[in-house]
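**Student:** Handing you this structure, nothing more for now.
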Amino acid sequence: MGLKSTLFILFVFIVAHETNGANILSLFHTPSKSHSILGLKLAEGLVKKGHHVTFVSPFKFDPMENLTLVNLKAVLEHKEKSDKEMTKPGGPSIFSMVQNFLQSTSTVNELFWNDPNIQKVIKEKPKYDLVIVLSFLHDAMLGIGHHLGAPTIVFNLVGSSSFWNQYVANPTMVYSRNPLINVPTDKFWGRLSTVFGNMAMGYMSYQTNILNQGLLDKYLPNSPQIYDLQRNVSVVLANSHVSIEPARPYVPNMIQIGGFHVQNTKPLPDEFRTFLDGAEKGAILFSLGSNIKVGMLGEERIKGMLKVLGEVSPMRVIFKTEMQHENVPKNIMVKSWVPQADILAHPNLKLFITHGGLGGVTESVYHGVPLLGIPFFGDQISNLDTAEESGYGLVMKLEKITEEFFREKISEILNNPKYTQNVKRRSALIKEPLVKQMDVAIFWIEHVIKFGGGSHLKNDGADLSWYQLYMVDIYIFCTIVLILLAVINIYLVKFILKTVRRLLGKSAPKKKEE
C-alpha cells in the first residue's frame, strides 16, 4: 500500500470519527407542551450537529432524520383528562389548580416509570453517551443515567434558584430575587422573606426527594441515593439570560442558554402571514400558553377583554383560546393554536398579552415586543414583575381585571414609547453574545460527552450538605465560641475587680484615733 493510499484511509478514518455523532437520550416527561417544545428545539440543534437524539415526550412532533420520537401516551391521556376541568368557563380556583398540579405531578411520575418504552430502556440498557433530564420534581430520573452508565445533564426551566442550585452548589444569594419567590430584596423584610422562602423550598425539595427516593427504590433499586445522584450531575443548562432576569452568580457548570429556542424562526403559515402583513397599524397577540386556559379568566371578563381588543381596530389581534366565542369583533382572529414565537417575530407585532411563562417572555424580549401580563402562579409572577420593573411590560392581577382596567393598560403600552424602547434594548442585549445560546448549549453537551462527565467542572461545595455549604455549622461554632469568650471575660473582669478591691482593702492605712 502506497503512502497516498495510507494517508487517504487515515483521512477517511479521522473524518468518520469526527462526524460520528453521539447517541443521546433526552427525557422531557412533563404534560406541558411548552416544556417539550424547549426540549425538542435543543434536540433539533444536536441533530443538526450530527448527533442522534432519542426524544421522550408525551407529545407528538414531526419526525426528522436522526431524531427518534418516543411518546408517553399515558401521560398525554392523563393531561387531556385533567384539561377538561380547566376548559370550563371560570375554571378552577388558583388554589385548587396548584393542588391539582401537585397531585398530577405525582401521577405523571408513576405513569412515566410504568411506560413500556421506559421499561424497555431499563431492561435492555441500550448504549447512550449522554442523558439529558428535564428537572421538574422528578429527580428519580437521574437514576436512568447511572443505570445506563452515561453522564447526566439537567435542563433547568428557569434560572438560578435554591431548588436547582443544589445540583452544582450554585450560591443562593439573598440579594438575588428567586424566580419562584417573588419578593423585593432591597429591603430588610424582603430579604428576610427570601430566606424563609428558600427554607420553604428546601423543605419542599426534602419532601420531594423522599417521594422520588421511593420511585427509585421501586424501579431502579440498585441506584445510588437521590442525594448522590443530584451531586453527580455534570452540567445544568439554565433556560435564563441576563436580559430577562436580574444578574446573579453562576458556577462554571451551570450554564445560561436562555433564548436558544428562538434564534431561528420559521415562515408563518399563510393564514397568519396574510393576516399580519395586512395589519398596517400594528397587531396584538393574546396567548396564555399551553397550560393556562382562557376559561379561567371567567365569562364576563373575557367578554370585556374581547370588547376592548375590538376597539383597537384598525389594529389586528390574534386571540388564542380553547373556547367558542360569539360576536367576536372583525379585527380579531380566534385560533385554538398559534405559532407563538414566529408570530412575535413579525415586524407588525406591537404588544404581547401573556400569562408570563419564561418561554413566552424570552420570545417576546428576543423579538422586541412589549408585554402585558396576567400571572397565575410560579415563576410567571416574578417574570412579569421583572418586566414591569425593567420598563418593558405591565402586570395585571387577575382579580383586578375589569374592562376599564384592561383598556387603560393596553392604552398605556401602545401610546407610551418607553415600553417599546426598553424591550428593544433588552432584545439587543439577548442577541449580543459572542456565541449563540444554542451553540453554547451544544458545546457543553459535547464537552460532557467528550470527557465522559463533568467532574473537572464540579464545585467542591457540591459534596457538602446544605448546612456545611452555607457555613451554618461554622457560624454556630463561632457564635458559641464568642458567647463563651464573652462569659469568660465577664467572669474574669469580675474576678480581677474583686481581687483588686480585696488587695486595696488590705493595704489601706488605718485612721488614727483622736
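By convention here, the chains of the C-alpha cells are called A, B, ... in the order presented, each chain's residues are numbered starting at 1, and ligands are numbered starting at 1 in the order presented.
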So that I can check the surroundings of A:Lys400, please list as a PyMOL selection string every protein, DNA and RNA residue that reaches within 12 Å of it, counting only C-alpha atoms and ignoring chain neighbours fewer than 6 positions away.

**Tutor:** chain A and resi 297+301+374-375+406+409

**Student:** Using only C-alpha atoms, which residues sit within 10 Å of stretch 256-271 of chain A once same-chain residues fewer than 6 positions away are excluded, as a ChimeraX atom specification?

**Tutor:** /A:37-42,44-45,155-160,236-245,250,333,338-346,358-367,430-431,436-442

**Student:** Considering only C-alpha atoms, can you say which of A:Ile302, A:Leu503, A:Ala387, A:Leu309 comes closest to A:Met323?

**Tutor:** A:Ile302

**Student:** Could you find all residues in stretch 206-309 of chain A that DSSP calls helix (DSSP H, G or I) from the backbone, and write them as a PyMOL selection string?

**Tutor:** chain A and resi 206-219+226-231+260-262+270-277+294-297+299-309

**Student:** Apply DSSP to the structure's backbone, then extract all residues of stretch 329-482 of chain A labelled strand (DSSP E) and return them as a list of chain:residue names.

**Tutor:**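 Here are the strand (DSSP E) residues of stretch 329-482 of chain A: A:Ile332, A:Met333, A:Val334, A:Lys335, A:Leu349, A:Lys350, A:Leu351, A:Phe352, A:Ile353, A:Thr354, A:Leu371, A:Leu372, A:Gly373, A:Gly393, A:Leu394, A:Val395.
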
**Student:** Which is closer to A:Asn212 than all the others in A:Leu288, A:Leu384, A:Ala169, A:Met141, using only C-alpha atoms?

**Tutor:**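 Residue with the minimum atom-to-atom distance to A:Asn212: A:Met141.
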
**Student:** Could you name the residues that touch A:Ala462 at 7 Å or less, counting only C-alpha atoms, but leaving out those on the same chain fewer than 3 positions away, as a PyMOL selection string?

**Tutor:** chain A and resi 167-169+231+459

**Student:** Residues near A:Asp115, anyone? I mean within 12 Å using only C-alpha atoms, not counting same-chain ones fewer than 5 positions away, as a list in words.

**Tutor:**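 After dropping sequence-adjacent residues, the list is His29, Val56, Ser57, Pro58, Val70, Asn71, Leu72, Lys73, Ala74, Val75, Leu76, Val108, Asn109, Glu110, Lys120, Val121, Ile122 and Tyr219 of chain A.
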
**Student:** Suppose we keep N, CA and C atoms; can you now write the selection as a short mmCIF file (atom, residue, chain, number, x, y, z; two decimals), in the first residue's frame?

**Tutor:**
data_model
loop_
_atom_site.label_atom_id
_atom_site.label_comp_id
_atom_site.auth_asym_id
_atom_site.auth_seq_id
_atom_site.Cartn_x
_atom_site.Cartn_y
_atom_site.Cartn_z
N HIS A 29 -40.54 14.69 30.22
CA HIS A 29 -41.71 13.86 30.54
C HIS A 29 -42.96 14.63 30.93
N VAL A 56 -37.93 11.77 24.39
CA VAL A 56 -39.07 11.17 25.08
C VAL A 56 -39.98 12.28 25.59
N SER A 57 -41.24 12.26 25.16
CA SER A 57 -42.18 13.33 25.49
C SER A 57 -43.61 12.79 25.36
N PRO A 58 -44.56 13.39 26.08
CA PRO A 58 -45.96 12.97 25.90
C PRO A 58 -46.54 13.41 24.55
N VAL A 70 -40.24 9.29 21.00
CA VAL A 70 -40.90 8.30 21.85
C VAL A 70 -42.01 9.00 22.62
N ASN A 71 -43.23 8.54 22.43
CA ASN A 71 -44.38 9.19 23.06
C ASN A 71 -44.79 8.49 24.35
N LEU A 72 -44.99 9.28 25.38
CA LEU A 72 -45.53 8.78 26.64
C LEU A 72 -47.05 8.91 26.57
N LYS A 73 -47.70 7.93 25.98
CA LYS A 73 -49.12 8.02 25.67
C LYS A 73 -49.98 8.19 26.93
N ALA A 74 -49.66 7.45 27.97
CA ALA A 74 -50.46 7.52 29.18
C ALA A 74 -50.40 8.90 29.83
N VAL A 75 -49.24 9.55 29.75
CA VAL A 75 -49.09 10.90 30.31
C VAL A 75 -49.96 11.88 29.54
N LEU A 76 -49.97 11.76 28.20
CA LEU A 76 -50.79 12.65 27.39
C LEU A 76 -52.27 12.43 27.66
N VAL A 108 -48.08 11.70 37.16
CA VAL A 108 -47.24 11.68 35.97
C VAL A 108 -45.95 10.91 36.23
N ASN A 109 -45.38 11.07 37.42
CA ASN A 109 -44.16 10.34 37.76
C ASN A 109 -44.37 8.82 37.64
N GLU A 110 -45.47 8.34 38.19
CA GLU A 110 -45.77 6.91 38.13
C GLU A 110 -46.02 6.47 36.69
N LYS A 120 -38.59 -0.68 28.75
CA LYS A 120 -37.71 -1.31 27.76
C LYS A 120 -36.28 -0.79 27.90
N VAL A 121 -36.14 0.52 28.09
CA VAL A 121 -34.82 1.12 28.29
C VAL A 121 -34.16 0.54 29.54
N ILE A 122 -34.94 0.40 30.61
CA ILE A 122 -34.40 -0.11 31.87
C ILE A 122 -33.93 -1.56 31.71
N TYR A 219 -38.19 1.23 41.06
CA TYR A 219 -37.93 0.95 39.65
C TYR A 219 -36.45 0.75 39.33
#

**Student:** For A:Lys418, which of A:Val369, A:Leu434, A:Met305, A:Ala200 is the closest residue, counting only C-alpha atoms?

**Tutor:**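 Once distances to A:Lys418 are computed over only C-alpha atoms, the minimum belongs to A:Val369.
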
**Student:** Which one of A:Ser161, A:Asn170, A:Ser36, A:Asn114 sits closest to A:Leu469 if you count only C-alpha atoms?

**Tutor:**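 Smallest separation from A:Leu469 among the options: A:Asn170.
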
**Student:** Just the residues within 8 Å of A:Leu414, please, counting only C-alpha atoms, with nothing from its chain fewer than 4 positions along; format it as a PyMOL selection string.

**Tutor:** chain A and resi 350-351+410
